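> Take this structure, written in structure tokens, and hold onto it; I'll ask about it next.
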4 protein chains.
Amino acid sequence: MGEQRIVETTFPVRYAETDQMQIAHHSSYVVWMEEGRSEFMRQSGADYARMERSGYFFAVTGIQVRYLSPAHYGERVTVRTWVKDLRSRQLTFGYEIVNAENGTRLATGQSELVCTDREGRVARIPEMWRKLQAADS
Amino acid sequence: MGEQRIVETTFPVRYAETDQMQIAHHSSYVVWMEEGRSEFMRQSGADYARMERSGYFFAVTGIQVRYLSPAHYGERVTVRTWVKDLRSRQLTFGYEIVNAENGTRLATGQSELVCTDREGRVARIPEMWRKLQAADS
Amino acid sequence: MGEQRIVETTFPVRYAETDQMQIAHHSSYVVWMEEGRSEFMRQSGADYARMERSGYFFAVTGIQVRYLSPAHYGERVTVRTWVKDLRSRQLTFGYEIVNAENGTRLATGQSELVCTDREGRVARIPEMWRKLQAADS
Amino acid sequence: MGEQRIVETTFPVRYAETDQMQIAHHSSYVVWMEEGRSEFMRQSGADYARMERSGYFFAVTGIQVRYLSPAHYGERVTVRTWVKDLRSRQLTFGYEIVNAENGTRLATGQSELVCTDREGRVARIPEMWRKLQAADS
């Protein structure tokens, strides 16, 4: 577990992501988590765009987010992403979102995915994507 | 022109659509215009979901929006939609967005669409969708 | 508990809410749950826009969503919303999202909120909003 | 004109930004243009978050987008942003969006903004933001 692979991706909070409470809307974090996962897969050599073209998909079956501190327009946020659990047909990603400048923890979360084929049937995760967790950057 | 068919669709401004200026973000209007057009097609018996299943698509090639007055969370807005121009392969929708309670004009806009087939090639608009403009509700 | 107040709100899945898996993107459900909660408060005489103007806010501290079945463009979805737990400073809403035409359960979820004042300090939920759960429509 | 200052900002197309036509939804470009403008202002030493804190705002009064070629999930897009017109109270930004890998032009656009104060009254653009166009990077 000490060797847990963690991928970081950083970007500024967009103006369109703020709401009238003058902070990033809580649904934005769900999109950021997805971007963390996209970058995790890209850096693991298991690009998700390529996976879909090969006929396999990850359908989201559950999400959880815990909000700890608000994010504001223009602040840079870092999404830290790792594989929390990997089974033959299911995958759980864990996330921590922090303010990139001062390290304040903004949120933690997880998302559960199930592998499906083009017809939407649950399928075994292809071998190359199973190597995700162990991959070296 | 006096017989121009106009379809109205009304919904409340969502909290997620507001930004830190405490008004609906300007990109929300583009989504509202699209919903106005969806409803226009549904009420014209030319449901767009059905059109896509039959292998034809409308790709957006241009949009224009003029913002006149802000919309706020919880206010009900009405999108008025009509066909502004219809050619063999292209279609332009016009929109007016008003506050549903007091009638204040919030925005005007238009979107230009081109008909394509599944391969993305420009195609002739199928006959049943060509009747859009003339249809009676 | 048999007298649990449940409020329903129904709207079509927007085209902009779909993703390339050709279903509503999972972050859309978070926005729908928020709209369910907005409607719950409006129908309970505790309109949230009014609450903010009076200087109190509900900040989201946690969300959970379980996805059961996909939603598609143009399908009408109904969000069923209720108060799951109410404490002096915290409030948990429960949700069930169903296909409005055939009743298929699409998702279940919950969101936890904490009451704050204008300065972001945790505050006691004002009395009129505390009546939410018991209110008759 | 040869000395026209242009700022570029590059990011990948997000999965949540795709729609069921399997391309980036046309409303995403409006958000991208706004991010281009945010970056333009940051690099010009006229950070917009700071401008709002000082009591001045840019309200969007009009947008136009022309879509030339679709963008897909995971592709990196570059938004090129410049000041097209600057008057005492109004500002027009021009944009060109290209595929960052192969340079294909995806869209061109513009947005018109008016300067307002905290009460929403039209105001003169503060001097430091008037220097935007001329600024050296």
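Scheme for the structure tokens: letters A, B, ... for chains in order shown; per-chain residue numbers from 1; ligand numbers from 1 in order shown.
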Residues near Ala71 (chain D), anyone? I mean within 10 Å using only C-alpha atoms, not counting same-chain ones fewer than 2 positions away, as a list in words.
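Answer for this query is Pro12, Val13, Glu17, Thr18, Gln22, Ile23, Ala24, His25, His26, Tyr29, Tyr67, Leu68, Ser69, Tyr73, Gly74, Glu75, Arg76, Val77, Ile97, Val98, Asn99, Thr104, Arg105, Leu106 and Ala107 of chain D.
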> Could those selected residues go to a file with C-alpha atoms, as a tab-separated table (two decimals), in the first residue's frame?

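This is the output file again14.tsv:
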```
chain	number	residue	atom	x	y	z
D	12	PRO	CA	-8.22	18.68	-22.56
D	13	VAL	CA	-11.91	18.30	-23.52
D	17	GLU	CA	-18.49	18.20	-21.89
D	18	THR	CA	-19.34	15.60	-24.54
D	22	GLN	CA	-19.97	12.09	-29.22
D	23	ILE	CA	-18.43	15.53	-29.58
D	24	ALA	CA	-18.01	18.45	-27.19
D	25	HIS	CA	-21.39	20.11	-26.66
D	26	HIS	CA	-21.61	23.54	-28.30
D	29	TYR	CA	-17.15	26.50	-26.17
D	67	TYR	CA	-18.40	26.11	-35.14
D	68	LEU	CA	-16.03	24.82	-37.79
D	69	SER	CA	-14.97	21.33	-36.71
D	73	TYR	CA	-13.10	13.85	-25.41
D	74	GLY	CA	-9.45	13.89	-24.38
D	75	GLU	CA	-8.28	16.09	-27.26
D	76	ARG	CA	-6.35	19.13	-26.09
D	77	VAL	CA	-7.83	22.42	-27.26
D	97	ILE	CA	-10.25	27.69	-30.70
D	98	VAL	CA	-7.92	25.14	-32.27
D	99	ASN	CA	-6.97	21.52	-31.73
D	104	THR	CA	-7.27	22.36	-36.86
D	105	ARG	CA	-9.52	25.37	-36.33
D	106	LEU	CA	-12.53	24.26	-34.28
D	107	ALA	CA	-14.35	27.55	-33.74
```
> Which parts of chain B does DSSP call strand (DSSP E or B) when run on the backbone here, written out as a ChimeraX atom specification?
/B:7-12,18,24,56-67,76-86,90-99,105-117,122
> Given identical sequences, can you show me chain B least-squares superposed on chain D via all its Cα atoms in order, as a short mmCIF file (atom, residue, chain, number, x, y, z; two decimals) with N, CA and C atoms, in the first residue's frame?

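So the final result, stored in superposed.cif, reads:
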```cif
data_model
loop_
_atom_site.label_atom_id
_atom_site.label_comp_id
_atom_site.auth_asym_id
_atom_site.auth_seq_id
_atom_site.Cartn_x
_atom_site.Cartn_y
_atom_site.Cartn_z
N MET B 1 -1.87 47.00 -35.04
CA MET B 1 -2.59 45.73 -35.14
C MET B 1 -1.62 44.56 -35.22
N GLY B 2 -0.47 44.83 -35.87
CA GLY B 2 0.56 43.78 -35.94
C GLY B 2 0.99 43.38 -34.54
N GLU B 3 0.91 44.34 -33.59
CA GLU B 3 1.35 44.09 -32.22
C GLU B 3 0.23 43.56 -31.32
N GLN B 4 -0.88 43.16 -31.92
CA GLN B 4 -2.02 42.61 -31.17
C GLN B 4 -1.54 41.52 -30.21
N ARG B 5 -1.88 41.70 -28.93
CA ARG B 5 -1.52 40.72 -27.91
C ARG B 5 -2.50 39.56 -27.94
N ILE B 6 -2.00 38.34 -28.04
CA ILE B 6 -2.85 37.14 -28.04
C ILE B 6 -2.37 36.21 -26.93
N VAL B 7 -3.30 35.75 -26.10
CA VAL B 7 -2.95 34.83 -25.03
C VAL B 7 -3.55 33.46 -25.33
N GLU B 8 -2.76 32.41 -25.14
CA GLU B 8 -3.24 31.05 -25.39
C GLU B 8 -3.40 30.29 -24.09
N THR B 9 -4.48 29.51 -24.00
CA THR B 9 -4.65 28.62 -22.86
C THR B 9 -5.13 27.27 -23.39
N THR B 10 -4.55 26.20 -22.86
CA THR B 10 -4.76 24.86 -23.40
C THR B 10 -5.23 23.91 -22.31
N PHE B 11 -6.22 23.06 -22.63
CA PHE B 11 -6.72 22.06 -21.68
C PHE B 11 -7.39 20.95 -22.46
N PRO B 12 -7.56 19.77 -21.84
CA PRO B 12 -8.23 18.67 -22.54
C PRO B 12 -9.75 18.83 -22.49
N VAL B 13 -10.45 18.34 -23.53
CA VAL B 13 -11.92 18.28 -23.51
C VAL B 13 -12.33 17.30 -22.42
N ARG B 14 -13.23 17.71 -21.54
CA ARG B 14 -13.69 16.87 -20.44
C ARG B 14 -14.77 15.89 -20.91
N TYR B 15 -14.83 14.74 -20.25
CA TYR B 15 -15.85 13.76 -20.61
C TYR B 15 -17.25 14.36 -20.42
N ALA B 16 -17.43 15.09 -19.33
CA ALA B 16 -18.73 15.69 -19.02
C ALA B 16 -19.15 16.72 -20.06
N GLU B 17 -18.19 17.19 -20.87
CA GLU B 17 -18.50 18.19 -21.89
C GLU B 17 -19.00 17.57 -23.19
N THR B 18 -18.87 16.25 -23.33
CA THR B 18 -19.36 15.60 -24.55
C THR B 18 -20.87 15.43 -24.47
N ASP B 19 -21.49 15.23 -25.62
CA ASP B 19 -22.92 14.92 -25.65
C ASP B 19 -23.12 13.64 -26.47
N GLN B 20 -24.36 13.26 -26.68
CA GLN B 20 -24.59 11.97 -27.33
C GLN B 20 -24.25 11.97 -28.81
N MET B 21 -23.88 13.13 -29.37
CA MET B 21 -23.35 13.16 -30.74
C MET B 21 -21.86 12.79 -30.70
N GLN B 22 -21.36 12.54 -29.48
CA GLN B 22 -20.00 12.09 -29.22
C GLN B 22 -18.94 13.13 -29.55
N ILE B 23 -19.36 14.39 -29.41
CA ILE B 23 -18.46 15.52 -29.57
C ILE B 23 -18.71 16.48 -28.40
N ALA B 24 -17.81 17.45 -28.23
CA ALA B 24 -18.02 18.45 -27.17
C ALA B 24 -19.29 19.24 -27.48
N HIS B 25 -20.16 19.38 -26.48
CA HIS B 25 -21.41 20.12 -26.65
C HIS B 25 -21.11 21.58 -26.98
N HIS B 26 -21.92 22.18 -27.84
CA HIS B 26 -21.62 23.54 -28.31
C HIS B 26 -21.62 24.59 -27.19
N SER B 27 -22.32 24.33 -26.07
CA SER B 27 -22.28 25.31 -24.97
C SER B 27 -20.94 25.29 -24.24
N SER B 28 -20.18 24.20 -24.38
CA SER B 28 -18.86 24.13 -23.73
C SER B 28 -17.91 25.19 -24.28
N TYR B 29 -18.05 25.51 -25.55
CA TYR B 29 -17.16 26.49 -26.16
C TYR B 29 -17.34 27.87 -25.51
N VAL B 30 -18.55 28.15 -25.06
CA VAL B 30 -18.82 29.44 -24.41
C VAL B 30 -18.05 29.50 -23.08
N VAL B 31 -17.99 28.37 -22.38
CA VAL B 31 -17.22 28.28 -21.14
C VAL B 31 -15.72 28.36 -21.44
N TRP B 32 -15.30 27.72 -22.50
CA TRP B 32 -13.87 27.76 -22.88
C TRP B 32 -13.45 29.19 -23.23
N MET B 33 -14.31 29.91 -23.95
CA MET B 33 -14.00 31.29 -24.30
C MET B 33 -13.84 32.12 -23.02
N GLU B 34 -14.71 31.88 -22.06
CA GLU B 34 -14.61 32.60 -20.78
C GLU B 34 -13.29 32.27 -20.09
N GLU B 35 -12.86 31.00 -20.15
CA GLU B 35 -11.58 30.64 -19.54
C GLU B 35 -10.42 31.28 -20.28
N GLY B 36 -10.55 31.42 -21.61
CA GLY B 36 -9.52 32.10 -22.39
C GLY B 36 -9.38 33.55 -21.92
N ARG B 37 -10.51 34.17 -21.69
CA ARG B 37 -10.56 35.57 -21.23
C ARG B 37 -10.02 35.70 -19.80
N SER B 38 -10.31 34.72 -18.95
CA SER B 38 -9.77 34.72 -17.57
C SER B 38 -8.24 34.68 -17.62
N GLU B 39 -7.72 33.81 -18.47
CA GLU B 39 -6.27 33.65 -18.58
C GLU B 39 -5.65 34.90 -19.20
N PHE B 40 -6.34 35.47 -20.18
CA PHE B 40 -5.86 36.71 -20.80
C PHE B 40 -5.67 37.79 -19.73
N MET B 41 -6.67 37.91 -18.86
CA MET B 41 -6.62 38.95 -17.84
C MET B 41 -5.55 38.65 -16.79
N ARG B 42 -5.45 37.37 -16.40
CA ARG B 42 -4.40 36.99 -15.43
C ARG B 42 -3.01 37.32 -15.98
N GLN B 43 -2.76 36.96 -17.22
CA GLN B 43 -1.43 37.18 -17.80
C GLN B 43 -1.18 38.66 -18.09
N SER B 44 -2.25 39.46 -18.10
CA SER B 44 -2.09 40.89 -18.35
C SER B 44 -1.96 41.65 -17.03
N GLY B 45 -1.91 40.92 -15.92
CA GLY B 45 -1.80 41.58 -14.62
C GLY B 45 -3.10 42.24 -14.21
N ALA B 46 -4.21 41.80 -14.81
CA ALA B 46 -5.50 42.42 -14.52
C ALA B 46 -6.49 41.32 -14.15
N ASP B 47 -6.06 40.47 -13.24
CA ASP B 47 -6.85 39.32 -12.77
C ASP B 47 -8.30 39.69 -12.51
N TYR B 48 -9.21 38.93 -13.09
CA TYR B 48 -10.62 39.30 -12.98
C TYR B 48 -11.17 39.08 -11.56
N ALA B 49 -10.66 38.07 -10.84
CA ALA B 49 -11.10 37.84 -9.46
C ALA B 49 -10.80 39.10 -8.63
N ARG B 50 -9.64 39.68 -8.88
CA ARG B 50 -9.25 40.90 -8.17
C ARG B 50 -10.14 42.08 -8.57
N MET B 51 -10.46 42.15 -9.86
CA MET B 51 -11.33 43.23 -10.35
C MET B 51 -12.68 43.18 -9.62
N GLU B 52 -13.26 41.99 -9.49
CA GLU B 52 -14.56 41.87 -8.80
C GLU B 52 -14.43 42.30 -7.34
N ARG B 53 -13.32 41.92 -6.69
CA ARG B 53 -13.15 42.30 -5.28
C ARG B 53 -13.06 43.81 -5.14
N SER B 54 -12.57 44.50 -6.20
CA SER B 54 -12.45 45.96 -6.14
C SER B 54 -13.77 46.65 -6.48
N GLY B 55 -14.81 45.84 -6.81
CA GLY B 55 -16.13 46.43 -6.99
C GLY B 55 -16.56 46.68 -8.43
N TYR B 56 -15.77 46.15 -9.38
CA TYR B 56 -16.13 46.29 -10.79
C TYR B 56 -16.35 44.92 -11.42
N PHE B 57 -17.26 44.85 -12.35
CA PHE B 57 -17.64 43.59 -12.97
C PHE B 57 -17.72 43.76 -14.48
N PHE B 58 -17.49 42.67 -15.21
CA PHE B 58 -17.79 42.68 -16.64
C PHE B 58 -19.02 41.81 -16.85
N ALA B 59 -20.12 42.40 -17.25
CA ALA B 59 -21.33 41.64 -17.56
C ALA B 59 -21.34 41.34 -19.06
N VAL B 60 -21.63 40.09 -19.41
CA VAL B 60 -21.65 39.70 -20.81
C VAL B 60 -22.95 40.22 -21.45
N THR B 61 -22.82 40.96 -22.54
CA THR B 61 -24.02 41.50 -23.21
C THR B 61 -24.29 40.81 -24.54
N GLY B 62 -23.30 40.08 -25.05
CA GLY B 62 -23.54 39.37 -26.30
C GLY B 62 -22.44 38.36 -26.58
N ILE B 63 -22.81 37.25 -27.23
CA ILE B 63 -21.80 36.29 -27.68
C ILE B 63 -22.16 35.81 -29.09
N GLN B 64 -21.13 35.43 -29.79
CA GLN B 64 -21.27 34.79 -31.10
C GLN B 64 -20.25 33.69 -31.19
N VAL B 65 -20.66 32.54 -31.67
CA VAL B 65 -19.70 31.45 -31.92
C VAL B 65 -19.99 30.85 -33.29
N ARG B 66 -18.94 30.58 -34.04
CA ARG B 66 -19.08 29.86 -35.31
C ARG B 66 -18.31 28.54 -35.14
N TYR B 67 -18.99 27.43 -35.35
CA TYR B 67 -18.40 26.11 -35.14
C TYR B 67 -17.90 25.56 -36.47
N LEU B 68 -16.62 25.20 -36.53
CA LEU B 68 -16.02 24.80 -37.80
C LEU B 68 -15.74 23.32 -37.86
N SER B 69 -15.36 22.73 -36.73
CA SER B 69 -14.97 21.32 -36.71
C SER B 69 -15.16 20.82 -35.28
N PRO B 70 -15.62 19.57 -35.09
CA PRO B 70 -15.93 19.11 -33.73
C PRO B 70 -14.68 18.83 -32.89
N ALA B 71 -14.83 18.91 -31.57
CA ALA B 71 -13.79 18.55 -30.61
C ALA B 71 -14.25 17.30 -29.87
N HIS B 72 -13.32 16.42 -29.56
CA HIS B 72 -13.66 15.13 -28.94
C HIS B 72 -13.01 14.98 -27.57
N TYR B 73 -13.63 14.15 -26.74
CA TYR B 73 -13.12 13.84 -25.40
C TYR B 73 -11.62 13.53 -25.42
N GLY B 74 -10.88 14.18 -24.54
CA GLY B 74 -9.47 13.88 -24.37
C GLY B 74 -8.56 14.68 -25.28
N GLU B 75 -9.09 15.21 -26.37
CA GLU B 75 -8.28 16.07 -27.25
C GLU B 75 -7.95 17.36 -26.50
N ARG B 76 -6.74 17.85 -26.70
CA ARG B 76 -6.37 19.11 -26.08
C ARG B 76 -6.76 20.25 -27.01
N VAL B 77 -7.44 21.25 -26.46
CA VAL B 77 -7.83 22.42 -27.26
C VAL B 77 -7.11 23.66 -26.73
N THR B 78 -6.76 24.53 -27.66
CA THR B 78 -6.13 25.81 -27.30
C THR B 78 -7.09 26.94 -27.64
N VAL B 79 -7.34 27.79 -26.64
CA VAL B 79 -8.16 28.98 -26.88
C VAL B 79 -7.21 30.16 -27.05
N ARG B 80 -7.25 30.81 -28.19
CA ARG B 80 -6.47 32.03 -28.44
C ARG B 80 -7.39 33.22 -28.22
N THR B 81 -6.99 34.14 -27.35
CA THR B 81 -7.86 35.24 -26.93
C THR B 81 -7.18 36.58 -27.16
N TRP B 82 -7.93 37.54 -27.66
CA TRP B 82 -7.39 38.89 -27.83
C TRP B 82 -8.50 39.93 -27.60
N VAL B 83 -8.09 41.17 -27.39
CA VAL B 83 -9.05 42.26 -27.26
C VAL B 83 -9.34 42.79 -28.66
N LYS B 84 -10.59 42.71 -29.04
CA LYS B 84 -10.98 43.07 -30.40
C LYS B 84 -11.37 44.55 -30.45
N ASP B 85 -11.96 45.01 -29.36
CA ASP B 85 -12.42 46.40 -29.31
C ASP B 85 -12.51 46.84 -27.86
N LEU B 86 -12.04 48.04 -27.58
CA LEU B 86 -12.05 48.54 -26.20
C LEU B 86 -12.55 49.98 -26.21
N ARG B 87 -13.66 50.19 -25.50
CA ARG B 87 -14.20 51.55 -25.39
C ARG B 87 -14.21 51.93 -23.92
N SER B 88 -14.74 53.07 -23.58
CA SER B 88 -14.65 53.53 -22.18
C SER B 88 -15.44 52.62 -21.24
N ARG B 89 -16.55 52.06 -21.70
CA ARG B 89 -17.39 51.23 -20.84
C ARG B 89 -17.59 49.82 -21.38
N GLN B 90 -17.09 49.56 -22.59
CA GLN B 90 -17.33 48.27 -23.21
C GLN B 90 -16.05 47.65 -23.73
N LEU B 91 -16.10 46.34 -23.85
CA LEU B 91 -14.91 45.57 -24.22
C LEU B 91 -15.39 44.40 -25.06
N THR B 92 -14.73 44.13 -26.17
CA THR B 92 -15.07 42.95 -26.98
C THR B 92 -13.83 42.07 -27.09
N PHE B 93 -13.98 40.81 -26.71
CA PHE B 93 -12.90 39.84 -26.87
C PHE B 93 -13.15 39.00 -28.12
N GLY B 94 -12.08 38.67 -28.83
CA GLY B 94 -12.15 37.75 -29.97
C GLY B 94 -11.47 36.44 -29.57
N TYR B 95 -11.92 35.33 -30.17
CA TYR B 95 -11.38 34.02 -29.82
C TYR B 95 -11.22 33.16 -31.07
N GLU B 96 -10.21 32.31 -31.00
CA GLU B 96 -10.07 31.25 -31.98
C GLU B 96 -9.74 30.00 -31.17
N ILE B 97 -10.48 28.93 -31.42
CA ILE B 97 -10.24 27.68 -30.69
C ILE B 97 -9.70 26.67 -31.69
N VAL B 98 -8.54 26.09 -31.36
CA VAL B 98 -7.91 25.13 -32.27
C VAL B 98 -7.57 23.84 -31.53
N ASN B 99 -7.46 22.76 -32.27
CA ASN B 99 -6.96 21.50 -31.73
C ASN B 99 -5.47 21.70 -31.46
N ALA B 100 -5.06 21.48 -30.20
CA ALA B 100 -3.68 21.81 -29.80
C ALA B 100 -2.65 20.90 -30.46
N GLU B 101 -3.06 19.69 -30.86
CA GLU B 101 -2.10 18.76 -31.46
C GLU B 101 -1.86 19.04 -32.95
N ASN B 102 -2.95 19.22 -33.68
CA ASN B 102 -2.79 19.35 -35.14
C ASN B 102 -3.17 20.72 -35.70
N GLY B 103 -3.58 21.64 -34.82
CA GLY B 103 -3.84 23.00 -35.26
C GLY B 103 -5.16 23.22 -35.99
N THR B 104 -5.96 22.17 -36.19
CA THR B 104 -7.26 22.34 -36.86
C THR B 104 -8.09 23.41 -36.15
N ARG B 105 -8.66 24.33 -36.92
CA ARG B 105 -9.52 25.35 -36.33
C ARG B 105 -10.87 24.73 -36.00
N LEU B 106 -11.27 24.85 -34.74
CA LEU B 106 -12.52 24.25 -34.28
C LEU B 106 -13.65 25.28 -34.23
N ALA B 107 -13.31 26.51 -33.87
CA ALA B 107 -14.35 27.54 -33.74
C ALA B 107 -13.72 28.92 -33.68
N THR B 108 -14.52 29.91 -34.03
CA THR B 108 -14.14 31.30 -33.79
C THR B 108 -15.31 31.93 -33.03
N GLY B 109 -15.01 32.98 -32.27
CA GLY B 109 -16.10 33.59 -31.51
C GLY B 109 -15.75 34.96 -31.02
N GLN B 110 -16.73 35.60 -30.43
CA GLN B 110 -16.47 36.87 -29.75
C GLN B 110 -17.48 37.04 -28.63
N SER B 111 -17.08 37.83 -27.64
CA SER B 111 -18.03 38.15 -26.57
C SER B 111 -17.90 39.63 -26.24
N GLU B 112 -19.04 40.24 -26.01
CA GLU B 112 -19.08 41.66 -25.70
C GLU B 112 -19.41 41.81 -24.23
N LEU B 113 -18.67 42.67 -23.55
CA LEU B 113 -18.87 42.87 -22.11
C LEU B 113 -19.03 44.34 -21.83
N VAL B 114 -19.79 44.62 -20.78
CA VAL B 114 -19.95 46.00 -20.35
C VAL B 114 -19.51 46.06 -18.88
N CYS B 115 -18.83 47.12 -18.52
CA CYS B 115 -18.35 47.26 -17.14
C CYS B 115 -19.49 47.80 -16.27
N THR B 116 -19.65 47.17 -15.10
CA THR B 116 -20.68 47.66 -14.16
C THR B 116 -20.07 47.77 -12.77
N ASP B 117 -20.77 48.52 -11.91
CA ASP B 117 -20.36 48.56 -10.51
C ASP B 117 -21.20 47.56 -9.72
N ARG B 118 -21.04 47.55 -8.40
CA ARG B 118 -21.71 46.57 -7.56
C ARG B 118 -23.24 46.63 -7.66
N GLU B 119 -23.75 47.81 -8.00
CA GLU B 119 -25.21 47.98 -8.10
C GLU B 119 -25.71 47.65 -9.50
N GLY B 120 -24.80 47.23 -10.38
CA GLY B 120 -25.22 46.84 -11.71
C GLY B 120 -25.33 48.02 -12.68
N ARG B 121 -24.88 49.20 -12.25
CA ARG B 121 -24.90 50.36 -13.14
C ARG B 121 -23.68 50.33 -14.06
N VAL B 122 -23.90 50.73 -15.31
CA VAL B 122 -22.79 50.78 -16.26
C VAL B 122 -21.74 51.77 -15.75
N ALA B 123 -20.47 51.34 -15.80
CA ALA B 123 -19.39 52.17 -15.25
C ALA B 123 -18.23 52.24 -16.23
N ARG B 124 -17.37 53.22 -16.03
CA ARG B 124 -16.16 53.35 -16.83
C ARG B 124 -15.19 52.22 -16.43
N ILE B 125 -14.57 51.58 -17.41
CA ILE B 125 -13.61 50.51 -17.11
C ILE B 125 -12.42 51.12 -16.35
N PRO B 126 -12.07 50.58 -15.16
CA PRO B 126 -10.96 51.14 -14.39
C PRO B 126 -9.66 51.17 -15.22
N GLU B 127 -8.83 52.16 -14.93
CA GLU B 127 -7.64 52.42 -15.75
C GLU B 127 -6.75 51.19 -15.95
N MET B 128 -6.53 50.43 -14.85
CA MET B 128 -5.58 49.31 -14.97
C MET B 128 -6.09 48.24 -15.92
N TRP B 129 -7.43 48.13 -16.06
CA TRP B 129 -7.97 47.14 -16.99
C TRP B 129 -8.01 47.69 -18.41
N ARG B 130 -7.93 49.00 -18.51
CA ARG B 130 -7.89 49.61 -19.84
C ARG B 130 -6.55 49.35 -20.52
N LYS B 131 -5.55 49.02 -19.71
CA LYS B 131 -4.22 48.77 -20.28
C LYS B 131 -4.09 47.36 -20.85
N LEU B 132 -5.13 46.59 -20.67
CA LEU B 132 -5.15 45.18 -21.10
C LEU B 132 -4.58 44.96 -22.50
N GLN B 133 -5.13 45.73 -23.43
CA GLN B 133 -4.82 45.48 -24.82
C GLN B 133 -3.35 45.70 -25.14
N ALA B 134 -2.78 46.71 -24.49
CA ALA B 134 -1.42 47.10 -24.82
C ALA B 134 -0.37 46.30 -24.06
N ALA B 135 -0.79 45.65 -22.97
CA ALA B 135 0.17 45.01 -22.06
C ALA B 135 1.10 44.02 -22.76
N ASP B 136 2.34 44.00 -22.29
CA ASP B 136 3.29 42.98 -22.75
C ASP B 136 3.32 41.86 -21.73
N SER B 137 3.49 40.63 -22.19
CA SER B 137 3.45 39.50 -21.24
C SER B 137 4.72 39.46 -20.41
#
```
